[in-house]
file entry_24.pdb (PDB, C-alpha atoms)
ATOM      1  CA  MET A   1      92.060 110.535 115.039
ATOM      2  CA  SER A   2      90.073 113.239 113.279
ATOM      3  CA  PRO A   3      86.359 112.621 112.504
ATOM      4  CA  ALA A   4      87.179 112.753 108.763
ATOM      5  CA  ALA A   5      89.872 110.092 109.046
ATOM      6  CA  ARG A   6      87.667 107.931 111.286
ATOM      7  CA  SER A   7      84.796 108.114 108.794
ATOM      8  CA  ARG A   8      87.083 107.257 105.882
ATOM      9  CA  ARG A   9      88.588 104.187 107.532
ATOM     10  CA  SER A  10      85.852 102.827 109.778
ATOM     11  CA  TYR A  11      83.080 100.343 109.088
ATOM     12  CA  ASP A  12      81.127 102.170 111.816
ATOM     13  CA  GLN A  13      79.908  98.901 113.311
ATOM     14  CA  TYR A  14      79.844  98.114 117.021
ATOM     15  CA  CYS A  15      81.542  94.761 116.454
ATOM     16  CA  ALA A  16      84.977  93.554 117.584
ATOM     17  CA  ALA A  17      85.819  92.074 114.159
ATOM     18  CA  ALA A  18      84.843  95.316 112.429
ATOM     19  CA  ARG A  19      86.938  97.354 114.881
ATOM     20  CA  ALA A  20      89.908  95.075 114.210
ATOM     21  CA  LEU A  21      89.500  95.500 110.459
ATOM     22  CA  ASP A  22      89.286  99.272 110.925
ATOM     23  CA  ALA A  23      92.861  99.043 112.246
ATOM     24  CA  VAL A  24      94.453  96.309 110.101
ATOM     25  CA  GLY A  25      92.079  95.625 107.216
ATOM     26  CA  ASP A  26      93.773  97.881 104.678
ATOM     27  CA  ARG A  27      95.862  96.230 101.959
ATOM     28  CA  TRP A  28      99.523  95.698 103.047
ATOM     29  CA  THR A  29      98.958  96.442 106.751
ATOM     30  CA  LEU A  30      99.149  92.862 108.003
ATOM     31  CA  LEU A  31     102.128  92.145 105.761
ATOM     32  CA  ILE A  32     103.926  95.096 107.345
ATOM     33  CA  VAL A  33     103.150  93.514 110.719
ATOM     34  CA  ARG A  34     104.606  90.237 109.418
ATOM     35  CA  GLU A  35     107.873  92.026 108.622
ATOM     36  CA  LEU A  36     108.037  93.872 111.944
ATOM     37  CA  LEU A  37     107.410  90.742 114.021
ATOM     38  CA  ALA A  38     111.027  89.895 113.170
ATOM     39  CA  GLY A  39     112.182  93.095 114.883
ATOM     40  CA  PRO A  40     112.739  96.785 114.043
ATOM     41  CA  ARG A  41     113.131  97.559 110.333
ATOM     42  CA  ARG A  42     114.186 100.602 108.354
ATOM     43  CA  TYR A  43     111.812 101.980 105.755
ATOM     44  CA  THR A  44     114.135 100.858 102.950
ATOM     45  CA  ASP A  45     114.239  97.314 104.361
ATOM     46  CA  LEU A  46     110.459  97.179 104.563
ATOM     47  CA  HIS A  47     110.109  98.408 101.004
ATOM     48  CA  ALA A  48     112.621  95.821  99.756
ATOM     49  CA  ASP A  49     110.789  92.929 101.437
ATOM     50  CA  LEU A  50     107.306  94.052 100.367
ATOM     51  CA  PRO A  51     107.654  93.785  96.579
ATOM     52  CA  GLY A  52     104.736  95.423  94.837
ATOM     53  CA  VAL A  53     103.978  98.126  97.399
ATOM     54  CA  SER A  54     104.490 101.703  96.276
ATOM     55  CA  THR A  55     106.472 104.133  98.399
ATOM     56  CA  ASP A  56     103.376 106.318  98.876
ATOM     57  CA  VAL A  57     101.219 103.430 100.061
ATOM     58  CA  LEU A  58     103.899 102.105 102.414
ATOM     59  CA  ALA A  59     104.409 105.535 103.970
ATOM     60  CA  SER A  60     100.640 105.967 104.346
ATOM     61  CA  ARG A  61     100.181 102.571 105.985
ATOM     62  CA  LEU A  62     103.020 103.199 108.432
ATOM     63  CA  LYS A  63     101.450 106.514 109.453
ATOM     64  CA  ASP A  64      98.069 104.815 109.910
ATOM     65  CA  MET A  65      99.616 102.049 111.996
ATOM     66  CA  GLU A  66     101.406 104.544 114.219
ATOM     67  CA  ARG A  67      98.156 106.442 114.701
ATOM     68  CA  GLU A  68      96.393 103.193 115.646
ATOM     69  CA  GLY A  69      99.062 102.458 118.259
ATOM     70  CA  LEU A  70     100.442  99.419 116.397
ATOM     71  CA  THR A  71     103.909 100.792 115.594
ATOM     72  CA  THR A  72     106.369 103.401 116.732
ATOM     73  CA  ARG A  73     109.245 105.083 114.930
ATOM     74  CA  ARG A  74     112.573 105.838 116.603
ATOM     75  CA  ARG A  75     115.966 107.090 115.543
ATOM     76  CA  LEU A  76     118.933 104.778 115.839
ATOM     77  CA  PRO A  77     121.761 106.005 118.077
ATOM     78  CA  ALA A  78     124.803 107.760 116.579
ATOM     79  CA  PRO A  79     126.598 107.400 114.276
ATOM     80  CA  SER A  80     123.539 106.148 112.379
ATOM     81  CA  ALA A  81     120.996 108.742 111.298
ATOM     82  CA  ALA A  82     118.398 106.183 110.218
ATOM     83  CA  TYR A  83     114.941 105.695 111.674
ATOM     84  CA  VAL A  84     113.417 102.289 112.334
ATOM     85  CA  TYR A  85     109.826 101.155 112.724
ATOM     86  CA  GLU A  86     108.875  98.629 115.372
ATOM     87  CA  LEU A  87     105.726  97.084 116.778
ATOM     88  CA  THR A  88     104.204  98.187 120.044
ATOM     89  CA  ALA A  89     102.900  95.635 122.537
ATOM     90  CA  ARG A  90      99.500  96.044 120.862
ATOM     91  CA  GLY A  91     101.049  95.348 117.474
ATOM     92  CA  ARG A  92     102.878  92.240 118.725
ATOM     93  CA  GLU A  93      99.541  90.817 119.828
ATOM     94  CA  LEU A  94      98.837  90.263 116.127
ATOM     95  CA  LEU A  95     101.292  87.331 116.040
ATOM     96  CA  PRO A  96      98.612  84.619 116.508
ATOM     97  CA  VAL A  97      96.391  86.431 113.991
ATOM     98  CA  LEU A  98      99.123  86.230 111.328
ATOM     99  CA  GLN A  99      99.820  82.614 112.212
ATOM    100  CA  ALA A 100      96.143  81.684 111.954
ATOM    101  CA  LEU A 101      95.879  83.416 108.573
ATOM    102  CA  ALA A 102      98.989  81.610 107.360
ATOM    103  CA  THR A 103      97.564  78.263 108.466
ATOM    104  CA  TRP A 104      94.278  78.999 106.706
ATOM    105  CA  GLY A 105      96.069  80.118 103.549
ATOM    106  CA  ALA A 106      98.672  77.329 103.415
ATOM    107  CA  PRO A 107      96.540  74.971 101.270
ATOM    108  CA  ALA A 108      96.672  77.614  98.517
ATOM    109  CA  LEU A 109     100.466  77.301  98.346
ATOM    110  CA  LYS A 110     100.645  74.787  95.543
ATOM    111  CA  GLU A 111     102.949  75.405  92.604
ATOM    112  CA  ARG A 112     104.726  78.732  92.775
ATOM    113  CA  ARG A 113     103.449  81.110  90.113
ATOM    114  CA  PRO A 114     105.967  82.794  87.795
ATOM    115  CA  THR A 115     104.921  86.172  89.215
ATOM    116  CA  ASP A 116     105.319  85.131  92.866
ATOM    117  CA  ALA A 117     108.010  86.883  94.875
ATOM    118  CA  VAL A 118     109.454  84.909  97.782
ATOM    119  CA  ARG A 119     111.578  85.636 100.822
ATOM    120  CA  ALA A 120     112.838  82.889 103.100
ATOM    121  CA  HIS A 121     111.619  84.582 106.281
ATOM    122  CA  TRP A 122     108.026  84.548 105.016
ATOM    123  CA  PHE A 123     107.973  80.878 106.041
ATOM    124  CA  ALA A 124     108.930  81.693 109.635
ATOM    125  CA  LEU A 125     105.563  82.374 111.288
ATOM    126  CA  PRO A 126     103.689  79.323 109.985
ATOM    127  CA  LEU A 127     106.670  77.095 110.790
ATOM    128  CA  LEU A 128     106.903  78.563 114.282
ATOM    129  CA  ARG A 129     103.264  77.737 114.922
ATOM    130  CA  SER A 130     103.778  74.125 113.869
ATOM    131  CA  LEU A 131     106.720  73.818 116.290
ATOM    132  CA  SER A 132     104.974  75.463 119.226
ATOM    133  CA  GLY A 133     103.815  72.128 120.666
ATOM    134  CA  LEU A 134     107.338  70.864 121.238
ATOM    135  CA  ALA A 135     108.283  70.167 124.848
ATOM    136  CA  ALA A 136     111.470  72.199 124.460
ATOM    137  CA  GLU A 137     112.576  75.777 123.994
ATOM    138  CA  GLY A 138     115.284  77.467 121.990
ATOM    139  CA  VAL A 139     116.270  78.899 118.631
ATOM    140  CA  VAL A 140     116.001  76.971 115.381
ATOM    141  CA  GLN A 141     117.952  78.238 112.369
ATOM    142  CA  VAL A 142     116.392  77.280 109.045
ATOM    143  CA  SER A 143     118.178  77.176 105.682
ATOM    144  CA  LEU A 144     116.147  77.162 102.459
ATOM    145  CA  ASP A 145     117.353  77.615  98.898
ATOM    146  CA  GLU A 146     115.838  81.110  99.142
ATOM    147  CA  GLY A 147     117.852  82.102 102.215
ATOM    148  CA  GLU A 148     118.010  81.699 105.993
ATOM    149  CA  PHE A 149     115.819  82.681 108.917
ATOM    150  CA  HIS A 150     115.443  81.663 112.539
ATOM    151  CA  VAL A 151     112.545  81.098 114.910
ATOM    152  CA  ARG A 152     112.361  81.073 118.699
ATOM    153  CA  VAL A 153     110.385  78.157 120.096
ATOM    154  CA  GLY A 154     108.985  79.097 123.503
ATOM    155  CA  GLY A 155     110.582  81.672 125.765
ATOM    156  CA  GLY A 156     110.665  85.428 125.244
ATOM    157  CA  GLY A 157     112.253  87.707 122.691
ATOM    158  CA  GLU A 158     111.474  88.190 119.028
ATOM    159  CA  PRO A 159     109.542  85.189 117.658
ATOM    160  CA  CYS A 160     111.551  85.095 114.441
ATOM    161  CA  GLY A 161     114.195  86.894 112.431
ATOM    162  CA  ASP A 162     115.574  87.187 108.929
ATOM    163  CA  GLY A 163     119.014  85.685 108.373
ATOM    164  CA  PRO A 164     121.169  83.629 110.756
ATOM    165  CA  ALA A 165     120.611  83.769 114.506
ATOM    166  CA  LEU A 166     122.921  86.156 116.332
ATOM    167  CA  ALA A 167     123.984  83.467 118.813
ATOM    168  CA  GLU A 168     124.599  79.771 118.217
ATOM    169  CA  PRO A 169     121.185  78.181 117.546
ATOM    170  CA  ASP A 170     119.960  75.147 119.452
ATOM    171  CA  ALA A 171     119.136  73.324 116.216
ATOM    172  CA  ARG A 172     119.634  73.787 112.497
ATOM    173  CA  LEU A 173     117.282  72.646 109.746
ATOM    174  CA  VAL A 174     118.081  72.410 106.040
ATOM    175  CA  LEU A 175     115.117  71.810 103.725
ATOM    176  CA  ASP A 176     113.360  73.124 100.648
ATOM    177  CA  ALA A 177     110.377  75.468 100.552
ATOM    178  CA  GLU A 178     107.888  72.732  99.642
ATOM    179  CA  THR A 179     108.929  70.637 102.636
ATOM    180  CA  CYS A 180     108.788  73.699 104.878
ATOM    181  CA  VAL A 181     105.188  74.311 103.794
ATOM    182  CA  GLU A 182     104.294  70.679 104.549
ATOM    183  CA  VAL A 183     105.798  70.929 108.034
ATOM    184  CA  SER A 184     103.979  74.215 108.609
ATOM    185  CA  ARG A 185     100.649  72.638 107.595
ATOM    186  CA  GLY A 186     101.176  69.640 109.879
ATOM    187  CA  VAL A 187     101.283  67.269 106.905
ATOM    188  CA  LEU A 188     104.860  66.295 107.798
ATOM    189  CA  THR A 189     106.738  66.379 111.088
ATOM    190  CA  VAL A 190     110.375  67.392 111.262
ATOM    191  CA  GLY A 191     111.231  63.929 112.556
ATOM    192  CA  ASP A 192     109.492  62.199 109.649
ATOM    193  CA  GLY A 193     111.205  64.581 107.228
ATOM    194  CA  VAL A 194     114.609  63.727 108.713
ATOM    195  CA  ARG A 195     113.919  59.996 108.513
ATOM    196  CA  ALA A 196     112.781  60.361 104.893
ATOM    197  CA  GLY A 197     115.933  62.263 103.972
ATOM    198  CA  ARG A 198     113.999  65.443 103.141
ATOM    199  CA  ILE A 199     115.273  67.503 106.098
ATOM    200  CA  GLY A 200     118.797  67.892 107.401
ATOM    201  CA  LEU A 201     118.902  68.372 111.183
ATOM    202  CA  SER A 202     121.920  69.177 113.324
ATOM    203  CA  GLY A 203     122.192  69.930 117.027
ATOM    204  CA  GLU A 204     122.677  67.881 120.178
ATOM    205  CA  GLY A 205     120.535  69.670 122.775
ATOM    206  CA  VAL A 206     117.020  69.122 124.107
ATOM    207  CA  LEU A 207     115.356  71.041 121.263
ATOM    208  CA  ALA A 208     117.207  69.125 118.537
ATOM    209  CA  LYS A 209     116.236  65.855 120.229
ATOM    210  CA  ALA A 210     112.588  66.925 120.413
ATOM    211  CA  LEU A 211     112.640  67.771 116.699
ATOM    212  CA  ARG A 212     114.161  64.360 115.832
ATOM    213  CA  GLU A 213     111.508  62.579 117.849
ATOM    214  CA  SER A 214     108.556  64.573 116.521
TER     215      SER A 214
END
call {"tool": "encode", "arguments": {"input": "entry_24.pdb", "output": "structure tokens"}}
result
Amino acid sequence: MSPAARSRRSYDQYCAAARALDAVGDRWTLLIVRELLAGPRRYTDLHADLPGVSTDVLASRLKDMEREGLTTRRRLPAPSAAYVYELTARGRELLPVLQALATWGAPALKERRPTDAVRAHWFALPLLRSLSGLAAEGVVQVSLDEGEFHVRVGGGGEPCGDGPALAEPDARLVLDAETCVEVSRGVLTVGDGVRAGRIGLSGEGVLAKALRES
């Protein structure tokens, strides 16, 4: 990084929190990380799922993130000519940071404002954190009125993804956004939601059983 760029973007403080904010403190950066935690994305996909960001700002943030070693850009194999952005190992280490921020911010999710955009997969990371204590592993597919996403409880691979899981999931949940927020906050367990008729749960394996008994 050039001295001019470092001066423009740095707090110039010998502090771990300040160094972290030098890298991810700019507006939109952490939300780009949120999108890329679900896997590689094309620029057009990122722009579509970050309503409100301008093309210039998005391009600038992606360049900054690549310079900081958080993302890489690669070309898809033929016949596609598209490029995708993906997180590096350093970038993927921001998963617990995003989850902690989502947990801290969840109490502010009261009534949805008329100006609020929403995407189903935005609920994935906080929900994943709330399910991380289950004594089971596997993929949970979640259906909201706003769309579908899936999360991977335990194990390796991408922690979450937009849309249906590529393979048959170990459990399926059907619920509304308000209930999903309550589960994510720990106000409601999946099991209690099922028993109250607020959550539909299907699946017969170990993970589905653990969800029913939660």
call {"tool": "atom_distance", "arguments": {"input": "entry_24.pdb", "atom1": "atom CA of A:Val151", "atom2": "atom CA of A:Glu204"}}
result
17.5 Å
call {"tool": "residues_around", "arguments": {"input": "entry_24.pdb", "residues": "A:Gly39", "least_positions_apart": "6", "cutoff": "7 Å", "atoms": "only C-alpha atoms", "output": "count of residues only"}}
result
3
call {"tool": "resolve_selection", "arguments": {"input": "entry_24.pdb", "expression": "the PyMOL selection byres ((chain A and resi 106) around 9)", "output": "list in words"}}
result
Leu101, Ala102, Thr103, Trp104, Gly105, Pro107, Ala108, Leu109, Lys110, Pro126, Val181, Glu182, Ser184 and Arg185 of chain A
call {"tool": "closest_residue", "arguments": {"input": "entry_24.pdb", "among": "A:Arg152, A:Arg92, A:His121, A:Arg113", "to": "A:Gly69", "atoms": "all atoms listed in the file"}}
result
A:Arg92
call {"tool": "resolve_selection", "arguments": {"input": "entry_24.pdb", "expression": "the PyMOL selection byres ((chain A and resi 52) around 12)", "output": "count of residues only"}}
result
19
call {"tool": "atom_distance", "arguments": {"input": "entry_24.pdb", "atom1": "atom CA of A:Val33", "atom2": "atom CA of A:Leu211"}}
result
28.1 Å
call {"tool": "closest_residue", "arguments": {"input": "entry_24.pdb", "among": "A:Cys15, A:Val153, A:Leu62, A:Ala167", "to": "A:Ser132", "atoms": "only C-alpha atoms"}}
result
A:Val153
call {"tool": "resolve_selection", "arguments": {"input": "entry_24.pdb", "expression": "the PyMOL selection byres ((chain A and resi 75) around 12)", "output": "JSON list (two decimals) with C-alpha atoms, in the frame of the given file"}}
result
[["chain", "number", "residue", "atom", "x", "y", "z"],
["A", 40, "PRO", "CA", 112.74, 96.78, 114.04],
["A", 41, "ARG", "CA", 113.13, 97.56, 110.33],
["A", 42, "ARG", "CA", 114.19, 100.60, 108.35],
["A", 43, "TYR", "CA", 111.81, 101.98, 105.76],
["A", 72, "THR", "CA", 106.37, 103.40, 116.73],
["A", 73, "ARG", "CA", 109.24, 105.08, 114.93],
["A", 74, "ARG", "CA", 112.57, 105.84, 116.60],
["A", 76, "LEU", "CA", 118.93, 104.78, 115.84],
["A", 77, "PRO", "CA", 121.76, 106.00, 118.08],
["A", 78, "ALA", "CA", 124.80, 107.76, 116.58],
["A", 79, "PRO", "CA", 126.60, 107.40, 114.28],
["A", 80, "SER", "CA", 123.54, 106.15, 112.38],
["A", 81, "ALA", "CA", 121.00, 108.74, 111.30],
["A", 82, "ALA", "CA", 118.40, 106.18, 110.22],
["A", 83, "TYR", "CA", 114.94, 105.70, 111.67],
["A", 84, "VAL", "CA", 113.42, 102.29, 112.33],
["A", 85, "TYR", "CA", 109.83, 101.16, 112.72],
["A", 86, "GLU", "CA", 108.88, 98.63, 115.37]]
call {"tool": "atom_distance", "arguments": {"input": "entry_24.pdb", "atom1": "atom CA of A:Asp192", "atom2": "atom CA of A:Ala136"}}
result
18.0 Å
call {"tool": "residues_around", "arguments": {"input": "entry_24.pdb", "residues": "A:Ala135", "least_positions_apart": "4", "cutoff": "12 Å", "atoms": "all atoms listed in the file", "output": "PDB file with C-alpha atoms, in the frame of the given file"}}
result
ATOM      1  CA  LEU A 131     106.720  73.818 116.290  1.00  0.00           C
ATOM      2  CA  VAL A 153     110.385  78.157 120.096  1.00  0.00           C
ATOM      3  CA  GLY A 154     108.985  79.097 123.503  1.00  0.00           C
ATOM      4  CA  GLY A 155     110.582  81.672 125.765  1.00  0.00           C
ATOM      5  CA  VAL A 206     117.020  69.122 124.107  1.00  0.00           C
ATOM      6  CA  LEU A 207     115.356  71.041 121.263  1.00  0.00           C
ATOM      7  CA  ALA A 208     117.207  69.125 118.537  1.00  0.00           C
ATOM      8  CA  LYS A 209     116.236  65.855 120.229  1.00  0.00           C
ATOM      9  CA  ALA A 210     112.588  66.925 120.413  1.00  0.00           C
ATOM     10  CA  LEU A 211     112.640  67.771 116.699  1.00  0.00           C
ATOM     11  CA  GLU A 213     111.508  62.579 117.849  1.00  0.00           C
ATOM     12  CA  SER A 214     108.556  64.573 116.521  1.00  0.00           C
TER      13      SER A 214
END
call {"tool": "residues_around", "arguments": {"input": "entry_24.pdb", "residues": "stretch 173-177 of chain A", "least_positions_apart": "3", "cutoff": "8 Å", "atoms": "all atoms listed in the file", "output": "NGL selection string"}}
result
:A and (140-146 or 180-181 or 198-202)
call {"tool": "closest_residue", "arguments": {"input": "entry_24.pdb", "among": "A:Ala120, A:Ala18, A:Ala23, A:Ala89", "to": "A:Asp162", "atoms": "only C-alpha atoms"}}
result
A:Ala120
call {"tool": "residues_around", "arguments": {"input": "entry_24.pdb", "residues": "A:Asp26", "least_positions_apart": "6", "cutoff": "12 Å", "atoms": "only C-alpha atoms", "output": "PDB file with C-alpha atoms, in the frame of the given file"}}
result
ATOM      1  CA  ARG A   8      87.083 107.257 105.882  1.00  0.00           C
ATOM      2  CA  ARG A   9      88.588 104.187 107.532  1.00  0.00           C
ATOM      3  CA  SER A  10      85.852 102.827 109.778  1.00  0.00           C
ATOM      4  CA  TYR A  11      83.080 100.343 109.088  1.00  0.00           C
ATOM      5  CA  ALA A  20      89.908  95.075 114.210  1.00  0.00           C
ATOM      6  CA  ILE A  32     103.926  95.096 107.345  1.00  0.00           C
ATOM      7  CA  VAL A  33     103.150  93.514 110.719  1.00  0.00           C
ATOM      8  CA  VAL A  57     101.219 103.430 100.061  1.00  0.00           C
ATOM      9  CA  LEU A  58     103.899 102.105 102.414  1.00  0.00           C
ATOM     10  CA  SER A  60     100.640 105.967 104.346  1.00  0.00           C
ATOM     11  CA  ARG A  61     100.181 102.571 105.985  1.00  0.00           C
ATOM     12  CA  LEU A  62     103.020 103.199 108.432  1.00  0.00           C
ATOM     13  CA  ASP A  64      98.069 104.815 109.910  1.00  0.00           C
ATOM     14  CA  MET A  65      99.616 102.049 111.996  1.00  0.00           C
TER      15      MET A  65
END
call {"tool": "build_atoms", "arguments": {"input": "entry_24.pdb", "residues": "stretch 63-89 of chain A", "atoms": "N, CA and C atoms", "output": "compact mmCIF listing (two decimals), in the frame of the given file"}}
result
# COMPACT_ATOMS: atom_id res chain seq x y z
N LYS A 63 102.05 105.41 108.68
CA LYS A 63 101.45 106.51 109.45
C LYS A 63 100.15 106.06 110.11
N ASP A 64 99.32 105.32 109.35
CA ASP A 64 98.07 104.82 109.91
C ASP A 64 98.33 103.88 111.09
N MET A 65 99.32 103.02 110.94
CA MET A 65 99.62 102.05 112.00
C MET A 65 100.15 102.73 113.25
N GLU A 66 100.93 103.79 113.06
CA GLU A 66 101.41 104.54 114.22
C GLU A 66 100.25 105.24 114.91
N ARG A 67 99.33 105.78 114.13
CA ARG A 67 98.16 106.44 114.70
C ARG A 67 97.27 105.46 115.46
N GLU A 68 97.20 104.22 114.99
CA GLU A 68 96.39 103.19 115.65
C GLU A 68 97.09 102.58 116.86
N GLY A 69 98.34 102.99 117.12
CA GLY A 69 99.06 102.46 118.26
C GLY A 69 99.67 101.09 118.02
N LEU A 70 99.86 100.71 116.73
CA LEU A 70 100.44 99.42 116.40
C LEU A 70 101.96 99.48 116.23
N THR A 71 102.48 100.64 115.83
CA THR A 71 103.91 100.79 115.59
C THR A 71 104.41 102.10 116.20
N THR A 72 105.70 102.15 116.37
CA THR A 72 106.37 103.40 116.73
C THR A 72 107.57 103.57 115.81
N ARG A 73 108.06 104.79 115.73
CA ARG A 73 109.24 105.08 114.93
C ARG A 73 110.29 105.72 115.84
N ARG A 74 111.52 105.26 115.77
CA ARG A 74 112.57 105.84 116.60
C ARG A 74 113.86 105.94 115.80
N ARG A 75 114.70 106.87 116.22
CA ARG A 75 115.97 107.09 115.54
C ARG A 75 117.04 106.22 116.17
N LEU A 76 117.84 105.59 115.33
CA LEU A 76 118.93 104.78 115.84
C LEU A 76 120.00 105.68 116.45
N PRO A 77 120.72 105.19 117.44
CA PRO A 77 121.76 106.00 118.08
C PRO A 77 122.90 106.30 117.11
N ALA A 78 123.65 107.36 117.39
CA ALA A 78 124.80 107.76 116.58
C ALA A 78 125.79 106.60 116.50
N PRO A 79 126.49 106.45 115.39
CA PRO A 79 126.60 107.40 114.28
C PRO A 79 125.51 107.26 113.21
N SER A 80 124.59 106.32 113.38
CA SER A 80 123.54 106.15 112.38
C SER A 80 122.54 107.29 112.47
N ALA A 81 122.03 107.70 111.32
CA ALA A 81 121.00 108.74 111.30
C ALA A 81 119.67 108.16 110.83
N ALA A 82 119.59 106.83 110.75
CA ALA A 82 118.40 106.18 110.22
C ALA A 82 117.32 106.06 111.29
N TYR A 83 116.08 105.99 110.81
CA TYR A 83 114.94 105.70 111.67
C TYR A 83 114.51 104.26 111.44
N VAL A 84 113.98 103.62 112.48
CA VAL A 84 113.42 102.29 112.33
C VAL A 84 111.98 102.29 112.84
N TYR A 85 111.20 101.38 112.29
CA TYR A 85 109.83 101.16 112.72
C TYR A 85 109.79 99.86 113.51
N GLU A 86 109.01 99.84 114.58
CA GLU A 86 108.88 98.63 115.37
C GLU A 86 107.47 98.53 115.93
N LEU A 87 107.06 97.32 116.25
CA LEU A 87 105.73 97.08 116.78
C LEU A 87 105.65 97.48 118.25
N THR A 88 104.51 97.98 118.64
CA THR A 88 104.20 98.19 120.04
C THR A 88 103.72 96.86 120.62
N ALA A 89 103.46 96.84 121.92
CA ALA A 89 102.90 95.64 122.54
C ALA A 89 101.57 95.27 121.87
